Amino acid sequence: MYAFDEPGSPPQFCEEYDLTVTVNGCLYQRRVPVRMLLSDFLRHELHLTGTHVGCEHGVCGCCTVLLNGEAVRSCLLLAVQADNMALTTIEGLAGSAEELHPIQRAFQEKHALQCGFCTPGFIMSVHAFLHEHPDPDERQIRQGLAGNLCRCTGYQNIVEAVKLAAQYLRSSQSQREEA
Amino acid sequence: MATRWFGAPVQRSEDPRLLRGRGTYVDDIDLPEMLHAAVLRSPYAHARIKRIDAAAARALPGVHLVLTAEDLGELLEPSPLLVPHPALTQPRTQLPLARDEVHYAGAAVAFVVAEDRYLAEDALELIDVDYEPLPVVASLEQAAAEGAPLVHADVPGNVAAHLVQRVGDPEGVIASAPHVLRERFVMERGSAMPMEGRGVVARWDPHEGMLTCWISTQGPIPIRNGLAAMFRLPEHKVRVVAPDVGGGFGTKIMMFYPEEILTPLAALRLGRPVKWIEDRAEHFLAANQERGQIHDVEYAFDDQGILLAVRDVFLHDTGAYTPYGIIVPIITACTLPGPYRLRHYYSEFKVLYTNKVPVSPYRGAGRPHAVFVMERIMDRIATELGLDPLEVRSRNFIRPEEFPWDVGLVYQDGGPTIYDSGNYQAGLERLKEALGYEQFREEQRRARERGRYLGIGVACYVEGTGIGPYEGAQVRVESDGRVYVSTGVTTQGQAHQTTFAQIVADQLGVDPRDVLVTTGDSQAFYWGVGTFASRAATVAGSAIHLAAVKVREKAKQVAADLFEASPEDIELADGKVFVRDAPQRALTLGQVAIASNPLRYSYGENARKLMQMQLAGPRPGPALPEERGGPGLEATAFYSPPRGTFASGVHGAIVEVDPRTGMVTFLKYVAVHDCGRVINPLVVEGQVHGGVAQGIGGAFYERLVFNEEGQLLNGSFMDYLLPTVEEIPPLQVEHVETPSPLNPLGVKGAGEAGTIPVAALFASALDDALAPFGLRIREMPLDPCRLKQLLKEYQNT
């Protein structure tokens, strides 16, 4: 399938690539056009439409996913760059269809979303942020979230939600340690 | 009926779905055999199209359709003028695809449909358009200049509309007043920038003869009506759905954005579903914008600081077209008097064409401009007379006992501008206390001694909300006891599914979680207008309330027959229906719903239990008595407000300015807000927070910069700065409640309020902080560079 260069001919590029990627714990093998964005791959090939695309130039943060645990913007990556890596999207965060992840719960309790479009990106960013800063102060939270845009909430309730989520995560962590 | 849910901070029923990434926004809709569209846009702000050659694009494998103006046949019609007005003598609306001439950079020129979006965009590059550039009108000043180029060759002077309104004798009063000042205020364009762009998915089903369109819009029903007319289909064979919409703020209601016609047209021609999704670059280039105005204002006041008369003459930038008539400048003219007792007022505006993106309402819709002008006047009166700026406002306020207050102007809906209720002094007192106004001057003095510039700013506003013509709703209890509500308005984050459920829950004695609300689906509710102008809770909310009351009365009738009691003795509570003195013998609401439908058979647990109960036997006469009005616990109601209801508020902030960098930091922000009765305080506060954030963007960060060729220079999020969490301060929201007497819920609109006073407040705070420099802000939006530049100018003079 790969159109590698013939000796002496002008360089050619392969147009498709066999991609192997783990998303939310499931292994996928797909042949994809090499120019396909990771965000488009998740949304349109895997139908994981919770990852949203707000700007396609890496500023708004709506498309944030975890790549090997780190928050990345899926609109700035090609799908093929995720080859043999593990991704987590918003769909993979809550344990089951009935329960919400503590970050999601905190967002609901603090009314930290309105239209909901930026929300999955925020939650994935918060997930990575709280992993690094389990007990953040407000200043750290504001710095940590400055890479995600929200046009509805004015951010105040998002900041409150992050404080609450940190509390939830710390208490479940200490419960686990006690057990 | 006791209100348990109205007014309670109920958590949103929308959230679990959205939090899990299980929402359905337009781009999430994936249909079998679906094709993807892309739009070729004009690179010129004004040019003649000499030739379009799309042959290479049509020949590209995987391309199914390329549309240019000449392929549109009878659809090549200018869009309808939404709101005609006698003063709008030269209306112009756009074609679905430009023919012969383009009038702004970003105008749609061709539409390509291909196997996928990547391929469709490849094909755009193969379309060869031969343009002959024409002179460009890139600014309001330029549009108004003598001998200016013409945006539309047949519109002399670029003047689309000219309107004069007059109250009292402003000229006479100004001629004899003790103090008269003249100033110019300049406002530039910004953009709504919802996080989700626009988008359309269209499907033609030949078996049902049904065209279905999912559109990220604020007004699916008017779009349904328009598409039916265009495609010569019965209205009920066109279904338009606004699914989850990722923010609108006004920009998503405009009939018609070209893609809303071209996408269904392609689906009809190809017999396959077609999707078009706007990307951010396109949103910058071709989604409607707002806020360009220049005001020349003359105002008179006495020695006590009482404003005697205002003479405001302004220019309004409508861009290349007038799709929304002259709504925005009319709102500006009518909003300008604000909470003040202004009895002599002259307002004149001209609406001018420019070679820029068309203008339609964006959150605030002409109001931030008006509030900017009036609040700058109040601050200036205080400075001139050496009075406290809050005291000047107090002296000019309309008093609570003076309502209803007739401003004397014709409002945007064609009716009189009459304030229904308000208590402006109460709001100001609340603000003073929350802001620590009295203590601030000392703090400011001490800060200045240390070389720090602190300032306090305030701005008051009155906002017309909840305008007609009407909205409607259907409320139905099904056999499972759950209540289903449908209404024509849409939701773009306002939590209608929760707040509307709260309204119904109180009437029917159920938990709001058992009330399921459908918004924005023309097949679920046939009639309606849309969500804009802070009107959904007021107008649709009232209709929902009226329908729920009808259902409650019907449930009482049906239960009264079953219990052999009087309807007045029936109560509805906790999902049950019972005779007041005998709550132990209760039916569930679902059982009453079953009983209200006189069939010989019914299914399910509720029906079985109903059969076992000892209830009254069949009555003589028809199974469905006339007075029931039909089977089922179901009712439809409409609400048409007598006129708009006027919300109000006052915002105050303390800022610190660094004159060396031009950076401004908010130290405190308080918003006092009166939207009548509050359905859900969480939701209202959220609306205010978001509005203020957009207002701060519009005051200090967000300015669309066009060059003299009409090219947008900052069309990306790297260059056009939406405020992030680091720019928005913690906000304190305080409520004052003066219920509206105009609707059954006593509510007023809340959606736009947060945004309206912020630019005025910002200017007020900067003037105060930089008083040692003698600064007077006369423009919005600013940015740190512009502020530094202004300081330099003031230092040099």
# chains A, B, ... in the order shown; residues from 1 in each chain; ligands from 1

call {"tool": "interface_residues", "arguments": {"of": "chain B", "to": "chain A", "cutoff": "9 Å", "atoms": "only C-alpha atoms", "output": "PyMOL selection string"}}
result
chain B and resi 11-12+14-16+18-25+27-30+118+192-197+244-247+279-281+491-495+682-683+686-694+716-718+722-726+728-731

call {"tool": "select_by_dssp", "arguments": {"residues": "range 5-178 of chain A", "states": "strand (DSSP E)", "output": "PyMOL selection string"}}
result
chain A and resi 16-23+26-33+64-67+70-73+86-88

call {"tool": "closest_residue", "arguments": {"among": "B:Gln425, B:Gln502, B:Gln507, B:Gln789", "to": "Pro9 in chain B", "atoms": "only C-alpha atoms"}}
result
B:Gln502

call {"tool": "residues_around", "arguments": {"residues": "Leu27 in chain A", "least_positions_apart": "2", "cutoff": "12 Å", "atoms": "only C-alpha atoms", "output": "ChimeraX atom specification"}}
result
/A:19-25,29-30,46,83-88

call {"tool": "atom_distance", "arguments": {"atom1": "CA of Ser764 in chain B", "atom2": "CA of Arg535 in chain B"}}
result
29.5 Å

call {"tool": "select_by_dssp", "arguments": {"residues": "range 142-284 of chain B", "states": "alpha helix (DSSP H)", "output": "PyMOL selection string"}}
result
chain B and resi 142-144+170-176+220-230+258-270+280-284
